[in-house]
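Visitor: Quick one: the structure is below, questions incoming.
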Amino acid sequence: EPPKDGETYIHRSGRTGRAGKSGSSVMLYTAKKESYVPYISKAAGVNFVRIGPPQPQDIAKQAATAALQAVEIVPESVADHFKEAAEKFLADNDDLEPAFVLAKALACVAGHSVELQSRSLLTSHEDSVTLIFKPANDTEIRTPSYVWSYLKKYMSEAVTQEVRRMQLTKDGRAAVMDVPKHKVSEFLELCKKQATGECIEVCSELPELAERRDSPFPGGAGSFNMGAGGSRGGFGGR
């Protein structure tokens, strides 16, 4: 987790590149410690690259590679005991492509036998989807109130209150937000119905985000608290 000063971070991360070797340092943190990150970046002179939590689909792809490696080392003498069952399965399911059957077997070997659940790129919550809002004419968004005004103009308060978190991108050209899965379609359809130039899409990769404003350190950067009840947005979570 993030230390309280840049010197400690440099000491810890330095362990990855000793004896002239190079390495990568990965820092994991909770929402409560996110405000430490920009402070450490400035104090240590390090530019961090923020990476969202891995999606189940990405994990499944890595698991498939590992499963294939496990299959490749199975001795033929052992595989021979399973050949009859495999041939019977293919005969009983001749409408399935062999590659698809193998894919199902790999999924089972890797422990992925149930439907994958996508996660929020911002919070990793399974019940949320991260959306990205882009204004018309590439307008600069200076505060989250711009986005809130748009949402509240065309959507009911009950729906806008479902937005769990909002954060501006570093370049000020977009904003990302978390909404419940069952509300995603309403947000996606909004821009299509209004046709005013704004765009709301499912965020596939988390862009570089603006720093938060509520740092516990002097001169730190922080989050935005806007929206219903004055408690939405930023790095602070719900």
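Ligands are numbered from 1 in the order shown, chains are lettered A, B, ... in the order of the structure tokens, and residues start at 1 in each chain.
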Could you give me, as a ChimeraX atom specification, the residues within 9 Å of A:Ala43, counting only C-alpha atoms and dropping anything in the same chain fewer than 3 positions from it?
Guide: /A:5-7,38-40,46
Visitor: Contacts of stretch 167-174 of chain A at 7 Å or less, counting only C-alpha atoms, minus same-chain residues fewer than 6 places along, as a PyMOL selection string?
Guide: chain A and resi 132-135+138-142+144+207-210+233-234
Visitor: A:Gly14: which residues within 12 Å, counting only C-alpha atoms, same-chain residues fewer than 4 positions away excluded, as a PDB file with all heavy atoms, in the first residue's frame?
Guide:
```pdb
ATOM      1  N   GLY A   6       7.612  10.056   0.102  1.00  0.00           N
ATOM      2  CA  GLY A   6       8.259   9.632  -1.126  1.00  0.00           C
ATOM      3  C   GLY A   6       9.528   8.841  -0.898  1.00  0.00           C
ATOM      4  O   GLY A   6       9.845   7.920  -1.670  1.00  0.00           O
ATOM      5  N   GLU A   7      10.272   9.174   0.150  1.00  0.00           N
ATOM      6  CA  GLU A   7      11.526   8.477   0.417  1.00  0.00           C
ATOM      7  C   GLU A   7      11.292   6.999   0.703  1.00  0.00           C
ATOM      8  O   GLU A   7      12.044   6.138   0.230  1.00  0.00           O
ATOM      9  CB  GLU A   7      12.237   9.133   1.605  1.00  0.00           C
ATOM     10  CG  GLU A   7      13.603   8.535   1.897  1.00  0.00           C
ATOM     11  CD  GLU A   7      14.319   9.248   3.020  1.00  0.00           C
ATOM     12  OE1 GLU A   7      13.885  10.367   3.396  1.00  0.00           O
ATOM     13  OE2 GLU A   7      15.309   8.704   3.535  1.00  0.00           O
ATOM     14  N   THR A   8      10.245   6.707   1.470  1.00  0.00           N
ATOM     15  CA  THR A   8       9.924   5.314   1.779  1.00  0.00           C
ATOM     16  C   THR A   8       9.519   4.567   0.514  1.00  0.00           C
ATOM     17  O   THR A   8       9.886   3.409   0.318  1.00  0.00           O
ATOM     18  CB  THR A   8       8.782   5.237   2.809  1.00  0.00           C
ATOM     19  OG1 THR A   8       9.183   5.911   4.002  1.00  0.00           O
ATOM     20  CG2 THR A   8       8.448   3.784   3.143  1.00  0.00           C
ATOM     21  N   TYR A   9       8.778   5.258  -0.361  1.00  0.00           N
ATOM     22  CA  TYR A   9       8.373   4.607  -1.609  1.00  0.00           C
ATOM     23  C   TYR A   9       9.592   4.250  -2.452  1.00  0.00           C
ATOM     24  O   TYR A   9       9.687   3.151  -3.000  1.00  0.00           O
ATOM     25  CB  TYR A   9       7.429   5.503  -2.417  1.00  0.00           C
ATOM     26  CG  TYR A   9       7.154   4.933  -3.785  1.00  0.00           C
ATOM     27  CD1 TYR A   9       6.246   3.897  -3.951  1.00  0.00           C
ATOM     28  CD2 TYR A   9       7.861   5.373  -4.902  1.00  0.00           C
ATOM     29  CE1 TYR A   9       6.028   3.325  -5.193  1.00  0.00           C
ATOM     30  CE2 TYR A   9       7.649   4.814  -6.141  1.00  0.00           C
ATOM     31  CZ  TYR A   9       6.730   3.786  -6.281  1.00  0.00           C
ATOM     32  OH  TYR A   9       6.535   3.219  -7.510  1.00  0.00           O
ATOM     33  N   ILE A  10      10.536   5.194  -2.569  1.00  0.00           N
ATOM     34  CA  ILE A  10      11.743   4.948  -3.359  1.00  0.00           C
ATOM     35  C   ILE A  10      12.519   3.766  -2.782  1.00  0.00           C
ATOM     36  O   ILE A  10      13.039   2.924  -3.514  1.00  0.00           O
ATOM     37  CB  ILE A  10      12.627   6.210  -3.396  1.00  0.00           C
ATOM     38  CG1 ILE A  10      11.925   7.313  -4.202  1.00  0.00           C
ATOM     39  CG2 ILE A  10      13.993   5.893  -4.012  1.00  0.00           C
ATOM     40  CD1 ILE A  10      12.660   8.626  -4.210  1.00  0.00           C
ATOM     41  N   ARG A  18      17.678  -4.004  -8.218  1.00  0.00           N
ATOM     42  CA  ARG A  18      19.000  -4.043  -7.594  1.00  0.00           C
ATOM     43  C   ARG A  18      20.040  -4.658  -8.525  1.00  0.00           C
ATOM     44  O   ARG A  18      19.700  -5.346  -9.477  1.00  0.00           O
ATOM     45  CB  ARG A  18      18.929  -4.853  -6.294  1.00  0.00           C
ATOM     46  CG  ARG A  18      18.158  -4.138  -5.182  1.00  0.00           C
ATOM     47  CD  ARG A  18      18.112  -4.980  -3.930  1.00  0.00           C
ATOM     48  NE  ARG A  18      17.455  -4.259  -2.841  1.00  0.00           N
ATOM     49  CZ  ARG A  18      17.208  -4.777  -1.640  1.00  0.00           C
ATOM     50  NH1 ARG A  18      17.560  -6.032  -1.385  1.00  0.00           N
ATOM     51  NH2 ARG A  18      16.623  -4.057  -0.709  1.00  0.00           N
ATOM     52  N   ALA A  19      21.294  -4.399  -8.213  1.00  0.00           N
ATOM     53  CA  ALA A  19      22.427  -4.970  -8.945  1.00  0.00           C
ATOM     54  C   ALA A  19      22.357  -4.674 -10.443  1.00  0.00           C
ATOM     55  O   ALA A  19      22.654  -5.515 -11.276  1.00  0.00           O
ATOM     56  CB  ALA A  19      22.491  -6.479  -8.708  1.00  0.00           C
ATOM     57  N   GLY A  20      21.935  -3.462 -10.772  1.00  0.00           N
ATOM     58  CA  GLY A  20      21.906  -3.066 -12.164  1.00  0.00           C
ATOM     59  C   GLY A  20      20.761  -3.630 -12.970  1.00  0.00           C
ATOM     60  O   GLY A  20      20.693  -3.436 -14.187  1.00  0.00           O
ATOM     61  N   LYS A  21      19.850  -4.331 -12.323  1.00  0.00           N
ATOM     62  CA  LYS A  21      18.713  -4.919 -13.029  1.00  0.00           C
ATOM     63  C   LYS A  21      17.528  -3.959 -13.032  1.00  0.00           C
ATOM     64  O   LYS A  21      17.400  -3.104 -12.165  1.00  0.00           O
ATOM     65  CB  LYS A  21      18.312  -6.242 -12.367  1.00  0.00           C
ATOM     66  CG  LYS A  21      19.391  -7.321 -12.419  1.00  0.00           C
ATOM     67  CD  LYS A  21      18.905  -8.602 -11.761  1.00  0.00           C
ATOM     68  CE  LYS A  21      19.976  -9.677 -11.822  1.00  0.00           C
ATOM     69  NZ  LYS A  21      19.521 -10.938 -11.168  1.00  0.00           N
ATOM     70  N   SER A  22      16.670  -4.112 -14.024  1.00  0.00           N
ATOM     71  CA  SER A  22      15.470  -3.277 -14.104  1.00  0.00           C
ATOM     72  C   SER A  22      14.281  -4.060 -13.563  1.00  0.00           C
ATOM     73  O   SER A  22      14.299  -5.292 -13.492  1.00  0.00           O
ATOM     74  CB  SER A  22      15.200  -2.858 -15.552  1.00  0.00           C
ATOM     75  OG  SER A  22      14.966  -4.001 -16.363  1.00  0.00           O
ATOM     76  N   GLY A  23      13.259  -3.332 -13.163  1.00  0.00           N
ATOM     77  CA  GLY A  23      12.071  -3.988 -12.632  1.00  0.00           C
ATOM     78  C   GLY A  23      10.880  -3.061 -12.633  1.00  0.00           C
ATOM     79  O   GLY A  23      11.005  -1.872 -12.939  1.00  0.00           O
ATOM     80  N   SER A  24       9.727  -3.593 -12.327  1.00  0.00           N
ATOM     81  CA  SER A  24       8.492  -2.807 -12.264  1.00  0.00           C
ATOM     82  C   SER A  24       7.944  -2.847 -10.849  1.00  0.00           C
ATOM     83  O   SER A  24       7.937  -3.897 -10.201  1.00  0.00           O
ATOM     84  CB  SER A  24       7.446  -3.368 -13.233  1.00  0.00           C
ATOM     85  OG  SER A  24       7.911  -3.285 -14.573  1.00  0.00           O
ATOM     86  N   SER A  25       7.503  -1.702 -10.377  1.00  0.00           N
ATOM     87  CA  SER A  25       6.928  -1.605  -9.040  1.00  0.00           C
ATOM     88  C   SER A  25       5.428  -1.358  -9.170  1.00  0.00           C
ATOM     89  O   SER A  25       5.008  -0.418  -9.846  1.00  0.00           O
ATOM     90  CB  SER A  25       7.581  -0.456  -8.262  1.00  0.00           C
ATOM     91  OG  SER A  25       6.983  -0.302  -6.991  1.00  0.00           O
ATOM     92  N   VAL A  26       4.646  -2.203  -8.548  1.00  0.00           N
ATOM     93  CA  VAL A  26       3.189  -2.089  -8.596  1.00  0.00           C
ATOM     94  C   VAL A  26       2.679  -1.703  -7.211  1.00  0.00           C
ATOM     95  O   VAL A  26       3.022  -2.349  -6.217  1.00  0.00           O
ATOM     96  CB  VAL A  26       2.533  -3.408  -9.040  1.00  0.00           C
ATOM     97  CG1 VAL A  26       1.018  -3.277  -9.055  1.00  0.00           C
ATOM     98  CG2 VAL A  26       3.038  -3.804 -10.423  1.00  0.00           C
ATOM     99  N   ALA A  44       8.464  12.010  -4.804  1.00  0.00           N
ATOM    100  CA  ALA A  44       9.494  11.089  -5.278  1.00  0.00           C
ATOM    101  C   ALA A  44       9.922  11.372  -6.714  1.00  0.00           C
ATOM    102  O   ALA A  44      10.882  10.779  -7.206  1.00  0.00           O
ATOM    103  CB  ALA A  44       8.989   9.646  -5.172  1.00  0.00           C
TER     104      ALA A  44
END
```
Visitor: Between atom CA of A:Ala91 and atom CA of A:Glu76, what is the spacing in Å?
Guide: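 It comes out at 21.4 Å.
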Visitor: Return the single residue from A:Glu115, A:Glu87, A:Asp178, A:Asp80 that is closest to A:Val129, with distances computed using only C-alpha atoms.
Guide: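 Ranked by minimum distance to A:Val129, first place goes to A:Asp178.
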Visitor: Among stretch 141-198 of chain A, which residues carry a DSSP assignment of helix (DSSP H, G or I), reported as a PDB file with N, CA and C atoms, in the first residue's frame?
Guide:
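Below is the file that was written, states-v4.pdb:
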```pdb
ATOM      1  N   SER A 145     -19.725  19.334 -12.385  1.00  0.00           N
ATOM      2  CA  SER A 145     -21.063  19.925 -12.441  1.00  0.00           C
ATOM      3  C   SER A 145     -21.574  20.018 -13.878  1.00  0.00           C
ATOM      4  N   TYR A 146     -20.652  20.120 -14.836  1.00  0.00           N
ATOM      5  CA  TYR A 146     -21.032  20.150 -16.253  1.00  0.00           C
ATOM      6  C   TYR A 146     -21.761  18.861 -16.625  1.00  0.00           C
ATOM      7  N   VAL A 147     -21.212  17.746 -16.192  1.00  0.00           N
ATOM      8  CA  VAL A 147     -21.807  16.448 -16.505  1.00  0.00           C
ATOM      9  C   VAL A 147     -23.097  16.259 -15.718  1.00  0.00           C
ATOM     10  N   TRP A 148     -23.062  16.643 -14.443  1.00  0.00           N
ATOM     11  CA  TRP A 148     -24.266  16.496 -13.621  1.00  0.00           C
ATOM     12  C   TRP A 148     -25.425  17.308 -14.202  1.00  0.00           C
ATOM     13  N   SER A 149     -25.122  18.501 -14.685  1.00  0.00           N
ATOM     14  CA  SER A 149     -26.174  19.358 -15.265  1.00  0.00           C
ATOM     15  C   SER A 149     -26.813  18.685 -16.463  1.00  0.00           C
ATOM     16  N   TYR A 150     -25.983  18.078 -17.299  1.00  0.00           N
ATOM     17  CA  TYR A 150     -26.496  17.387 -18.485  1.00  0.00           C
ATOM     18  C   TYR A 150     -27.374  16.217 -18.080  1.00  0.00           C
ATOM     19  N   LEU A 151     -26.894  15.405 -17.146  1.00  0.00           N
ATOM     20  CA  LEU A 151     -27.653  14.226 -16.724  1.00  0.00           C
ATOM     21  C   LEU A 151     -28.980  14.617 -16.091  1.00  0.00           C
ATOM     22  N   LYS A 152     -28.949  15.622 -15.224  1.00  0.00           N
ATOM     23  CA  LYS A 152     -30.161  16.031 -14.516  1.00  0.00           C
ATOM     24  C   LYS A 152     -31.170  16.722 -15.436  1.00  0.00           C
ATOM     25  N   LYS A 153     -30.671  17.274 -16.531  1.00  0.00           N
ATOM     26  CA  LYS A 153     -31.566  17.947 -17.476  1.00  0.00           C
ATOM     27  C   LYS A 153     -32.447  16.948 -18.214  1.00  0.00           C
ATOM     28  N   TYR A 154     -31.896  15.762 -18.499  1.00  0.00           N
ATOM     29  CA  TYR A 154     -32.610  14.800 -19.324  1.00  0.00           C
ATOM     30  C   TYR A 154     -33.026  13.522 -18.590  1.00  0.00           C
ATOM     31  N   GLU A 157     -34.284  12.337 -11.252  1.00  0.00           N
ATOM     32  CA  GLU A 157     -33.387  12.361 -10.095  1.00  0.00           C
ATOM     33  C   GLU A 157     -33.108  10.950  -9.587  1.00  0.00           C
ATOM     34  N   ALA A 158     -34.123  10.090  -9.681  1.00  0.00           N
ATOM     35  CA  ALA A 158     -33.955   8.708  -9.216  1.00  0.00           C
ATOM     36  C   ALA A 158     -32.863   7.995 -10.004  1.00  0.00           C
ATOM     37  N   VAL A 159     -32.756   8.325 -11.296  1.00  0.00           N
ATOM     38  CA  VAL A 159     -31.740   7.690 -12.135  1.00  0.00           C
ATOM     39  C   VAL A 159     -30.370   8.309 -11.896  1.00  0.00           C
ATOM     40  N   THR A 160     -30.304   9.649 -11.831  1.00  0.00           N
ATOM     41  CA  THR A 160     -29.005  10.300 -11.636  1.00  0.00           C
ATOM     42  C   THR A 160     -28.402   9.954 -10.282  1.00  0.00           C
ATOM     43  N   LYS A 181     -25.417  -2.032 -13.250  1.00  0.00           N
ATOM     44  CA  LYS A 181     -25.562  -2.737 -14.522  1.00  0.00           C
ATOM     45  C   LYS A 181     -26.948  -2.567 -15.120  1.00  0.00           C
ATOM     46  N   HIS A 182     -27.978  -2.630 -14.265  1.00  0.00           N
ATOM     47  CA  HIS A 182     -29.338  -2.585 -14.793  1.00  0.00           C
ATOM     48  C   HIS A 182     -29.744  -1.202 -15.294  1.00  0.00           C
ATOM     49  N   LYS A 183     -28.882  -0.196 -15.086  1.00  0.00           N
ATOM     50  CA  LYS A 183     -29.188   1.148 -15.543  1.00  0.00           C
ATOM     51  C   LYS A 183     -28.347   1.575 -16.755  1.00  0.00           C
ATOM     52  N   VAL A 184     -27.425   0.724 -17.157  1.00  0.00           N
ATOM     53  CA  VAL A 184     -26.504   1.084 -18.240  1.00  0.00           C
ATOM     54  C   VAL A 184     -27.235   1.470 -19.516  1.00  0.00           C
ATOM     55  N   SER A 185     -28.223   0.701 -19.911  1.00  0.00           N
ATOM     56  CA  SER A 185     -28.929   0.960 -21.167  1.00  0.00           C
ATOM     57  C   SER A 185     -29.587   2.338 -21.180  1.00  0.00           C
ATOM     58  N   GLU A 186     -30.088   2.795 -20.029  1.00  0.00           N
ATOM     59  CA  GLU A 186     -30.726   4.110 -19.958  1.00  0.00           C
ATOM     60  C   GLU A 186     -29.726   5.218 -20.259  1.00  0.00           C
ATOM     61  N   PHE A 187     -28.516   5.070 -19.749  1.00  0.00           N
ATOM     62  CA  PHE A 187     -27.485   6.084 -19.981  1.00  0.00           C
ATOM     63  C   PHE A 187     -26.993   6.052 -21.427  1.00  0.00           C
ATOM     64  N   LEU A 188     -26.872   4.859 -21.982  1.00  0.00           N
ATOM     65  CA  LEU A 188     -26.400   4.741 -23.356  1.00  0.00           C
ATOM     66  C   LEU A 188     -27.423   5.295 -24.348  1.00  0.00           C
ATOM     67  N   GLU A 189     -28.701   5.115 -24.037  1.00  0.00           N
ATOM     68  CA  GLU A 189     -29.758   5.587 -24.924  1.00  0.00           C
ATOM     69  C   GLU A 189     -29.990   7.083 -24.820  1.00  0.00           C
ATOM     70  N   LEU A 190     -29.530   7.679 -23.721  1.00  0.00           N
ATOM     71  CA  LEU A 190     -29.787   9.101 -23.485  1.00  0.00           C
ATOM     72  C   LEU A 190     -29.267   9.973 -24.625  1.00  0.00           C
ATOM     73  N   CYS A 191     -28.007   9.799 -24.977  1.00  0.00           N
ATOM     74  CA  CYS A 191     -27.405  10.635 -26.017  1.00  0.00           C
ATOM     75  C   CYS A 191     -28.039  10.391 -27.386  1.00  0.00           C
ATOM     76  N   LYS A 192     -28.468   9.151 -27.623  1.00  0.00           N
ATOM     77  CA  LYS A 192     -29.107   8.834 -28.900  1.00  0.00           C
ATOM     78  C   LYS A 192     -30.435   9.563 -29.012  1.00  0.00           C
ATOM     79  N   LYS A 193     -31.157   9.645 -27.898  1.00  0.00           N
ATOM     80  CA  LYS A 193     -32.467  10.296 -27.917  1.00  0.00           C
ATOM     81  C   LYS A 193     -32.341  11.809 -28.057  1.00  0.00           C
ATOM     82  N   GLN A 194     -31.367  12.409 -27.363  1.00  0.00           N
ATOM     83  CA  GLN A 194     -31.247  13.868 -27.364  1.00  0.00           C
ATOM     84  C   GLN A 194     -30.532  14.390 -28.605  1.00  0.00           C
TER      85      GLN A 194
END
```
Visitor: Considering only strand (DSSP E or B) as DSSP defines it on the backbone, what residues of stretch 19-155 of chain A qualify? List them as a list in words.
Guide: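 Answer for stretch 19-155 of chain A, restricted to strand (DSSP E or B): Ser128, Val129, Thr130, Leu131, Ile132, Phe133 and Lys134 of chain A.
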Visitor: Show which residues sit within 9 Å of stretch 54-70 of chain A, as a tab-separated table (two decimals) with N, CA and C atoms, in the first residue's frame. Count only C-alpha atoms, and ignore same-chain residues fewer than 3 positions away.
Guide:
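Written out: out.tsv:
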```tsv
chain	number	residue	atom	x	y	z
A	51	ILE	N	-3.58	1.77	-13.58
A	51	ILE	CA	-4.17	0.63	-14.29
A	51	ILE	C	-5.41	0.19	-13.53
A	73	ILE	N	1.18	-31.11	-21.28
A	73	ILE	CA	2.10	-32.00	-20.58
A	73	ILE	C	1.43	-33.29	-20.09
A	74	VAL	N	0.12	-33.46	-20.38
A	74	VAL	CA	-0.56	-34.70	-19.98
A	74	VAL	C	-0.01	-35.84	-20.85
A	103	ALA	N	-12.55	-25.36	-26.11
A	103	ALA	CA	-12.62	-24.12	-25.33
A	103	ALA	C	-13.41	-24.34	-24.05
A	106	LEU	N	-11.24	-26.28	-21.66
A	106	LEU	CA	-10.21	-25.43	-21.06
A	106	LEU	C	-10.81	-24.55	-19.97
A	107	ALA	N	-12.01	-24.04	-20.24
A	107	ALA	CA	-12.69	-23.21	-19.23
A	107	ALA	C	-12.94	-24.00	-17.96
A	109	VAL	N	-11.21	-26.68	-16.96
A	109	VAL	CA	-9.91	-26.94	-16.34
A	109	VAL	C	-9.43	-25.72	-15.56
A	110	ALA	N	-9.70	-24.54	-16.11
A	110	ALA	CA	-9.25	-23.30	-15.48
A	110	ALA	C	-10.17	-22.83	-14.36
A	111	GLY	N	-11.27	-23.56	-14.13
A	111	GLY	CA	-12.18	-23.19	-13.06
A	111	GLY	C	-13.16	-22.09	-13.41
A	112	HIS	N	-13.41	-21.92	-14.71
A	112	HIS	CA	-14.36	-20.89	-15.16
A	112	HIS	C	-15.59	-21.56	-15.79
A	116	LEU	N	-19.10	-15.24	-16.64
A	116	LEU	CA	-18.18	-14.23	-16.13
A	116	LEU	C	-18.93	-12.93	-15.84
A	117	GLN	N	-18.59	-12.30	-14.73
A	117	GLN	CA	-19.22	-11.05	-14.35
A	117	GLN	C	-18.23	-9.91	-14.54
A	118	SER	N	-18.60	-8.91	-15.34
A	118	SER	CA	-17.72	-7.77	-15.54
A	118	SER	C	-17.66	-6.94	-14.26
A	119	ARG	N	-16.59	-6.17	-14.12
A	119	ARG	CA	-16.39	-5.34	-12.94
A	119	ARG	C	-16.18	-3.89	-13.34
A	120	SER	N	-16.44	-3.02	-12.40
A	120	SER	CA	-16.18	-1.60	-12.62
A	120	SER	C	-14.68	-1.37	-12.76
A	121	LEU	N	-14.30	-0.53	-13.71
A	121	LEU	CA	-12.89	-0.18	-13.87
A	121	LEU	C	-12.42	0.77	-12.78
A	124	SER	N	-13.93	-1.77	-9.09
A	124	SER	CA	-13.88	-3.24	-9.17
A	124	SER	C	-15.14	-3.90	-8.63
```
